[in-house]
Structures are given as structure tokens and as C-alpha cells.
file work_2.cif (mmCIF, C-alpha atoms)
data_query
#
loop_
_atom_site.group_PDB
_atom_site.id
_atom_site.type_symbol
_atom_site.label_atom_id
_atom_site.label_comp_id
_atom_site.auth_asym_id
_atom_site.auth_seq_id
_atom_site.Cartn_x
_atom_site.Cartn_y
_atom_site.Cartn_z
ATOM 1 C CA MET A 215 54.016 -115.710 -47.158
ATOM 2 C CA LYS A 216 54.208 -111.942 -46.951
ATOM 3 C CA GLY A 217 50.747 -111.459 -48.465
ATOM 4 C CA LYS A 218 48.867 -113.965 -46.281
ATOM 5 C CA ALA A 219 47.320 -111.421 -43.911
ATOM 6 C CA TYR A 220 47.108 -108.618 -46.497
ATOM 7 C CA PRO A 221 45.621 -105.998 -46.188
ATOM 8 C CA TYR A 222 46.169 -106.545 -42.458
ATOM 9 C CA LYS A 223 49.428 -106.734 -40.520
ATOM 10 C CA ALA A 224 50.712 -109.971 -38.999
ATOM 11 C CA HIS A 225 49.750 -108.933 -35.440
ATOM 12 C CA GLN A 226 46.103 -108.656 -36.601
ATOM 13 C CA TRP A 227 46.006 -112.265 -37.827
ATOM 14 C CA ARG A 228 44.291 -113.601 -34.685
ATOM 15 C CA ASP A 229 41.373 -111.180 -35.066
ATOM 16 C CA VAL A 230 41.090 -111.947 -38.789
ATOM 17 C CA VAL A 231 40.874 -115.694 -38.062
ATOM 18 C CA VAL A 232 38.356 -115.336 -35.206
ATOM 19 C CA LYS A 233 36.101 -112.934 -37.110
ATOM 20 C CA GLY A 234 36.374 -115.029 -40.276
ATOM 21 C CA MET A 235 35.416 -118.209 -38.409
ATOM 22 C CA GLU A 236 32.453 -116.490 -36.735
ATOM 23 C CA ILE A 237 31.183 -115.195 -40.089
ATOM 24 C CA LEU A 238 31.622 -118.602 -41.751
ATOM 25 C CA ASN A 239 29.825 -120.435 -38.923
ATOM 26 C CA ARG A 240 26.983 -117.902 -38.915
ATOM 27 C CA HIS A 241 26.413 -118.703 -42.602
ATOM 28 C CA ILE A 242 26.579 -122.485 -42.012
ATOM 29 C CA TRP A 243 30.129 -122.988 -43.301
ATOM 30 C CA PHE A 244 32.355 -125.257 -41.228
ATOM 31 C CA PRO A 245 35.941 -124.951 -42.484
ATOM 32 C CA VAL A 246 38.928 -127.222 -42.025
ATOM 33 C CA CYS A 247 41.591 -125.200 -40.192
ATOM 34 C CA THR A 248 45.187 -126.379 -40.341
ATOM 35 C CA PHE A 249 47.907 -125.395 -37.889
ATOM 36 C CA ILE A 250 51.624 -126.170 -38.125
ATOM 37 C CA ILE A 251 53.403 -127.540 -35.049
ATOM 38 C CA GLY A 252 57.177 -127.588 -34.654
ATOM 39 C CA LEU A 253 58.330 -124.806 -36.952
ATOM 40 C CA PRO A 254 62.096 -124.197 -36.690
ATOM 41 C CA GLY A 255 62.743 -121.786 -33.837
ATOM 42 C CA GLU A 256 59.251 -122.233 -32.355
ATOM 43 C CA THR A 257 59.245 -121.311 -28.663
ATOM 44 C CA ASP A 258 56.866 -122.143 -25.836
ATOM 45 C CA ASP A 259 55.583 -118.564 -26.092
ATOM 46 C CA ASP A 260 54.714 -119.149 -29.772
ATOM 47 C CA THR A 261 52.790 -122.276 -28.802
ATOM 48 C CA ARG A 262 50.983 -120.385 -26.019
ATOM 49 C CA GLN A 263 49.880 -117.768 -28.563
ATOM 50 C CA SER A 264 48.566 -120.568 -30.799
ATOM 51 C CA LEU A 265 46.749 -122.052 -27.790
ATOM 52 C CA ASP A 266 45.255 -118.617 -27.047
ATOM 53 C CA LEU A 267 43.914 -118.484 -30.612
ATOM 54 C CA LEU A 268 42.555 -122.005 -30.252
ATOM 55 C CA TYR A 269 40.872 -120.977 -26.994
ATOM 56 C CA ASP A 270 39.213 -118.053 -28.794
ATOM 57 C CA LEU A 271 37.809 -120.612 -31.265
ATOM 58 C CA ARG A 272 36.442 -122.900 -28.507
ATOM 59 C CA ASP A 273 32.804 -122.511 -29.611
ATOM 60 C CA ALA A 274 33.510 -122.558 -33.337
ATOM 61 C CA LYS A 275 32.346 -125.455 -35.441
ATOM 62 C CA GLY A 276 34.866 -126.816 -37.886
ATOM 63 C CA THR A 277 37.698 -129.286 -38.096
ATOM 64 C CA PHE A 278 41.018 -128.366 -36.493
ATOM 65 C CA VAL A 279 44.008 -130.189 -37.957
ATOM 66 C CA PRO A 280 47.417 -129.832 -36.306
ATOM 67 C CA THR A 281 50.179 -130.804 -38.724
ATOM 68 C CA PHE A 282 53.875 -131.306 -38.154
ATOM 69 C CA PHE A 283 56.304 -128.999 -39.927
ATOM 70 C CA VAL A 284 57.868 -130.634 -42.971
ATOM 71 C CA PRO A 285 60.337 -128.612 -45.062
ATOM 72 C CA LEU A 286 59.433 -128.221 -48.718
ATOM 73 C CA GLU A 287 61.951 -128.251 -51.550
ATOM 74 C CA ASN A 288 62.799 -124.953 -53.217
ATOM 75 C CA THR A 289 61.814 -122.883 -50.173
ATOM 76 C CA ARG A 290 63.878 -120.946 -47.659
ATOM 77 C CA MET A 291 63.294 -123.695 -45.112
ATOM 78 C CA GLN A 292 64.211 -126.673 -47.290
ATOM 79 C CA ARG A 293 67.311 -127.432 -45.197
ATOM 80 C CA SER A 294 65.450 -127.198 -41.875
ATOM 81 C CA ASP A 295 64.709 -130.299 -39.860
ATOM 82 C CA SER A 296 61.134 -131.501 -39.845
ATOM 83 C CA ALA A 297 59.247 -131.696 -36.558
ATOM 84 C CA LYS A 298 59.605 -134.983 -34.726
ATOM 85 C CA LEU A 299 56.907 -136.594 -32.623
ATOM 86 C CA ILE A 300 59.360 -137.603 -29.918
ATOM 87 C CA GLU A 301 60.611 -133.987 -29.544
ATOM 88 C CA MET A 302 57.200 -132.380 -29.001
ATOM 89 C CA THR A 303 56.858 -130.282 -25.844
ATOM 90 C CA ASP A 304 53.977 -130.587 -23.392
ATOM 91 C CA LEU A 305 52.491 -127.368 -24.793
ATOM 92 C CA GLN A 306 52.632 -128.732 -28.352
ATOM 93 C CA TRP A 307 50.930 -131.914 -27.146
ATOM 94 C CA GLU A 308 48.298 -129.790 -25.426
ATOM 95 C CA PHE A 309 47.690 -127.956 -28.685
ATOM 96 C CA PHE A 310 47.406 -131.248 -30.560
ATOM 97 C CA PHE A 311 44.923 -132.750 -28.106
ATOM 98 C CA THR A 312 42.874 -129.577 -27.754
ATOM 99 C CA CYS A 313 42.319 -129.780 -31.521
ATOM 100 C CA TRP A 314 41.371 -133.452 -31.118
ATOM 101 C CA LYS A 315 38.937 -132.576 -28.308
ATOM 102 C CA TYR A 316 37.309 -129.796 -30.358
ATOM 103 C CA ASN A 317 36.824 -132.163 -33.286
ATOM 104 C CA LEU A 318 35.206 -134.857 -31.126
ATOM 105 C CA GLU A 319 32.920 -132.359 -29.420
ATOM 106 C CA SER A 320 32.044 -130.626 -32.662
ATOM 107 C CA TRP A 321 31.253 -133.679 -34.769
ATOM 108 C CA TYR A 322 30.428 -136.459 -32.308
ATOM 109 C CA GLY A 323 28.629 -134.608 -29.552
ATOM 110 C CA GLY A 324 31.031 -134.513 -26.646
ATOM 111 C CA SER A 325 32.645 -136.644 -24.005
ATOM 112 C CA ARG A 326 30.450 -139.740 -24.265
ATOM 113 C CA SER A 327 31.617 -140.529 -27.755
ATOM 114 C CA SER A 328 35.263 -140.088 -26.761
ATOM 115 C CA LEU A 329 35.052 -143.148 -24.488
ATOM 116 C CA LYS A 330 35.487 -145.489 -27.447
ATOM 117 C CA PHE A 331 38.714 -143.669 -28.371
ATOM 118 C CA SER A 332 40.172 -144.035 -24.886
ATOM 119 C CA ALA A 333 39.662 -147.771 -24.299
ATOM 120 C CA GLY A 334 42.987 -148.886 -25.787
ATOM 121 C CA VAL A 335 45.220 -146.151 -24.358
ATOM 122 C CA PRO A 336 46.428 -147.952 -21.178
ATOM 123 C CA LEU A 337 47.072 -151.106 -23.182
ATOM 124 C CA TYR A 338 49.041 -149.216 -25.835
ATOM 125 C CA TYR A 339 51.123 -147.370 -23.220
ATOM 126 C CA GLY A 340 52.019 -150.543 -21.349
ATOM 127 C CA LEU A 341 52.797 -152.729 -24.364
ATOM 128 C CA LEU A 342 54.307 -150.441 -26.980
ATOM 129 C CA GLY A 343 54.149 -146.689 -26.311
ATOM 130 C CA LYS A 344 56.540 -146.660 -23.341
ATOM 131 C CA LYS A 345 59.095 -148.756 -25.278
ATOM 132 C CA LEU A 346 58.981 -146.541 -28.363
ATOM 133 C CA PHE A 347 58.766 -143.092 -26.783
ATOM 134 C CA GLY A 348 59.693 -143.504 -23.108
ATOM 135 C CA HIS A 349 57.703 -142.184 -20.161
ATOM 136 C CA GLY A 350 57.216 -138.830 -21.934
ATOM 137 C CA ILE A 351 54.362 -140.314 -23.947
ATOM 138 C CA LYS A 352 52.248 -140.875 -20.812
ATOM 139 C CA TYR A 353 50.962 -137.289 -20.618
ATOM 140 C CA PRO A 354 49.881 -137.117 -24.279
ATOM 141 C CA LEU A 355 48.193 -140.489 -23.976
ATOM 142 C CA LEU A 356 46.278 -139.376 -20.885
ATOM 143 C CA ARG A 357 45.078 -136.372 -22.875
ATOM 144 C CA PHE A 358 44.161 -138.632 -25.777
ATOM 145 C CA ALA A 359 42.212 -140.894 -23.409
ATOM 146 C CA GLY A 360 40.131 -137.936 -22.286
ATOM 147 C CA VAL A 361 41.292 -137.605 -18.672
ATOM 148 C CA PRO A 362 39.359 -134.580 -17.339
ATOM 149 C CA ASP A 363 41.162 -131.235 -17.292
ATOM 150 C CA ARG A 364 40.529 -130.847 -13.556
ATOM 151 C CA LEU A 365 42.807 -133.848 -12.910
ATOM 152 C CA MET A 366 45.616 -132.514 -15.106
ATOM 153 C CA ARG A 367 45.427 -128.805 -14.214
ATOM 154 C CA LYS A 368 49.056 -128.543 -13.104
ATOM 155 C CA ARG A 369 50.301 -129.470 -16.582
ATOM 156 C CA LEU A 370 47.786 -127.573 -18.703
ATOM 157 C CA TYR A 371 48.068 -124.110 -20.185
ATOM 158 C CA LEU A 372 44.362 -123.971 -21.087
ATOM 159 C CA ASP A 373 41.883 -125.042 -18.419
ATOM 160 C CA PHE A 374 38.435 -125.964 -19.713
ATOM 161 C CA THR A 375 37.137 -127.134 -16.323
ATOM 162 C CA GLY A 376 33.451 -126.277 -16.165
ATOM 163 C CA HIS A 377 33.328 -125.035 -19.772
ATOM 164 C CA LYS A 378 30.794 -126.583 -22.098
ATOM 165 C CA ARG A 379 30.631 -125.784 -25.778
ATOM 166 C CA ASN A 380 28.029 -123.210 -26.699
ATOM 167 C CA PRO A 381 25.510 -125.077 -28.916
ATOM 168 C CA LYS A 382 24.682 -121.793 -30.638
ATOM 169 C CA GLY A 383 28.302 -121.449 -31.731
ATOM 170 C CA MET A 384 30.597 -118.466 -31.474
ATOM 171 C CA ASP A 385 29.586 -115.086 -30.151
ATOM 172 C CA GLN A 386 29.532 -112.403 -32.800
ATOM 173 C CA PHE A 387 32.881 -110.669 -33.223
ATOM 174 C CA ILE A 388 32.541 -107.135 -31.878
ATOM 175 C CA GLY A 389 34.446 -104.331 -33.537
ATOM 176 C CA ASP A 390 36.225 -103.785 -36.786
ATOM 177 C CA ILE A 391 39.638 -104.879 -37.925
ATOM 178 C CA VAL A 392 41.166 -101.892 -39.663
ATOM 179 C CA PRO A 393 43.531 -102.778 -42.493
ATOM 180 C CA ALA A 394 47.069 -101.646 -41.866
ATOM 181 C CA PHE A 395 47.805 -101.231 -45.574
ATOM 182 C CA TYR A 396 46.042 -99.555 -48.466
ATOM 183 C CA SER A 397 43.395 -101.786 -49.945
ATOM 184 C CA VAL A 398 43.874 -103.766 -53.122
ATOM 185 C CA LEU A 399 41.247 -101.605 -54.832
ATOM 186 C CA GLU A 400 43.212 -98.419 -54.146
ATOM 187 C CA LYS A 401 46.713 -99.704 -54.856
ATOM 188 C CA GLY A 402 46.236 -102.753 -57.061
ATOM 189 C CA LEU A 403 47.927 -106.072 -56.321
ATOM 190 C CA ASN A 404 51.304 -104.590 -55.448
ATOM 191 C CA MET A 405 51.896 -106.615 -52.272
ATOM 192 C CA VAL A 406 54.095 -105.147 -49.574
ATOM 193 C CA ASP A 407 56.260 -106.897 -47.028
ATOM 194 C CA ALA A 408 54.116 -107.137 -43.867
ATOM 195 C CA SER A 409 57.078 -107.830 -41.607
#

call {"tool": "encode", "arguments": {"input": "work_2.cif", "output": "C-alpha cells"}}
result
Amino acid sequence: MKGKAYPYKAHQWRDVVVKGMEILNRHIWFPVCTFIIGLPGETDDDTRQSLDLLYDLRDAKGTFVPTFFVPLENTRMQRSDSAKLIEMTDLQWEFFFTCWKYNLESWYGGSRSSLKFSAGVPLYYGLLGKKLFGHGIKYPLLRFAGVPDRLMRKRLYLDFTGHKRNPKGMDQFIGDIVPAFYSVLEKGLNMVDAS
């Protein structure tokens, strides 16, 4: 996807996403944002960078959809293994549940509404979850149940203790993002390799 960030470089992608989301929200557009979890070779540092981006979007209104990597035919990654639920790291689970939390807060008004989603979690863990996935599923289920961040601080990368969503939305993005390549108007659609 060498043209995805064009006319910006890959390292500018975070700023492009944050500024784009702020502009969309300001004009009453609430996009669906998809993220891929479990790309081949993904490291904990990669997941932390994704969590940092997600943290920057904490007051944005939209839908955040984490998806598992699935290789597509006729691509360079067609022979790669798809991401597996049972192999997710704690950081990947944190990313998944932070998206879930944002969606609940954004569309259902916060923690009160999440109570109905958490009622069956202990029952599921005791009857089926532990048998299928082992004890490793306990942490994700606690996150799913809405256990407060202050009680899980030792395991979390992002700590939202004391943070409430800004009802006015995102703060305006300050500064410009200067394209790293010549613009399409000046050079036409001759895409260059951004790597």
C-alpha cells in the first residue's frame, strides 16, 4: 500500500489520522475506523504505537473496529498465517478492549450502559472460556466486563484512571502536516515508494 499515506511519509500517518478525525468530527462526520491486529512480525512495540494512536483519539467520536489479520489471495502475504485469538498478547487484548470501551462510551453514553455487557462474563469464564482458552482468557474477560482501570493498572499500557471523555469532542489539531513528497497537482499521479 505504498500510496496510502501519499503525499505524506509513513511516519506522518499518525498526525494525518488524528487531524483527519478532528476535521471529520468538527463537521459532524463520525467514521468507522478499522485497525488490523496480529500482522505477521508484529511486535509489542508496534502494538504500543497503535495504542498511542488510539489514546490520541480518546475524545473522537466514531466507531473503532479492531480486526484480525487474514491473508488475502494474490498478495505478498497470502502464505502468512492469520492471527489467532488464542495467540493474542496482553497488549493486543488491551487494544481490542480499548476500542470496545470507546465504542460503548461514544454511542451508549459511558459506563452505566456497559453493565449489561458484563453480567455474563464470570459465568462464561467459569463454564466455557477457561476450558477453551485456558487461564489466559481471564484478563481479556475482565477488560470486557468493564473492571476499572485503577484495579488493573499493573497490566495496562494505557491508564485512563480519572479520564472522562470530552463531550465537546477532540481538541483542534494544532500545526500543519507538511507533505514529504511533491503534490499530485505538481507531479500527477506518479506514485512513489514511501518506504

call {"tool": "residues_around", "arguments": {"input": "work_2.cif", "residues": "Leu305 (chain A)", "least_positions_apart": "6", "cutoff": "10 Å", "atoms": "all atoms listed in the file", "output": "MDAnalysis selection string"}}
result
chainID A and resid 257:262 264:265 311 369:372

call {"tool": "closest_residue", "arguments": {"input": "work_2.cif", "among": "A:Asp229, A:Gly276, A:Leu342, A:Thr375", "to": "Trp243 (chain A)", "atoms": "all atoms listed in the file"}}
result
A:Gly276

call {"tool": "residues_near_point", "arguments": {"input": "work_2.cif", "point": "(32.5, -125.1, -31.6)", "cutoff": "10 Å", "atoms": "all atoms listed in the file", "output": "count of residues only"}}
result
21

call {"tool": "residues_around", "arguments": {"input": "work_2.cif", "residues": "Pro362 (chain A)", "least_positions_apart": "6", "cutoff": "10 Å", "atoms": "only C-alpha atoms", "output": "MDAnalysis selection string"}}
result
chainID A and resid 325 356 373:375

call {"tool": "atom_distance", "arguments": {"input": "work_2.cif", "atom1": "CA of Thr248 (chain A)", "atom2": "CA of Phe282 (chain A)"}}
result
10.2 Å

call {"tool": "residues_around", "arguments": {"input": "work_2.cif", "residues": "Gly255 (chain A)", "least_positions_apart": "5", "cutoff": "12 Å", "atoms": "all atoms listed in the file", "output": "list in words"}}
result
Asp260, Thr261, Phe283, Met291, Ser294, Asp295, Ser296 and Ala297 of chain A

call {"tool": "residues_around", "arguments": {"input": "work_2.cif", "residues": "Lys298 (chain A)", "least_positions_apart": "4", "cutoff": "12 Å", "atoms": "all atoms listed in the file", "output": "list of chain:residue names"}}
result
A:Ile251, A:Gly252, A:Leu253, A:Pro254, A:Thr281, A:Phe282, A:Phe283, A:Val284, A:Met302, A:Thr303, A:Gln306, A:Trp307, A:Phe347

call {"tool": "atom_distance", "arguments": {"input": "work_2.cif", "atom1": "CA of Ile300 (chain A)", "atom2": "CA of Asn288 (chain A)"}}
result
26.7 Å

call {"tool": "atom_distance", "arguments": {"input": "work_2.cif", "atom1": "CA of Phe358 (chain A)", "atom2": "CA of Asp270 (chain A)"}}
result
21.4 Å
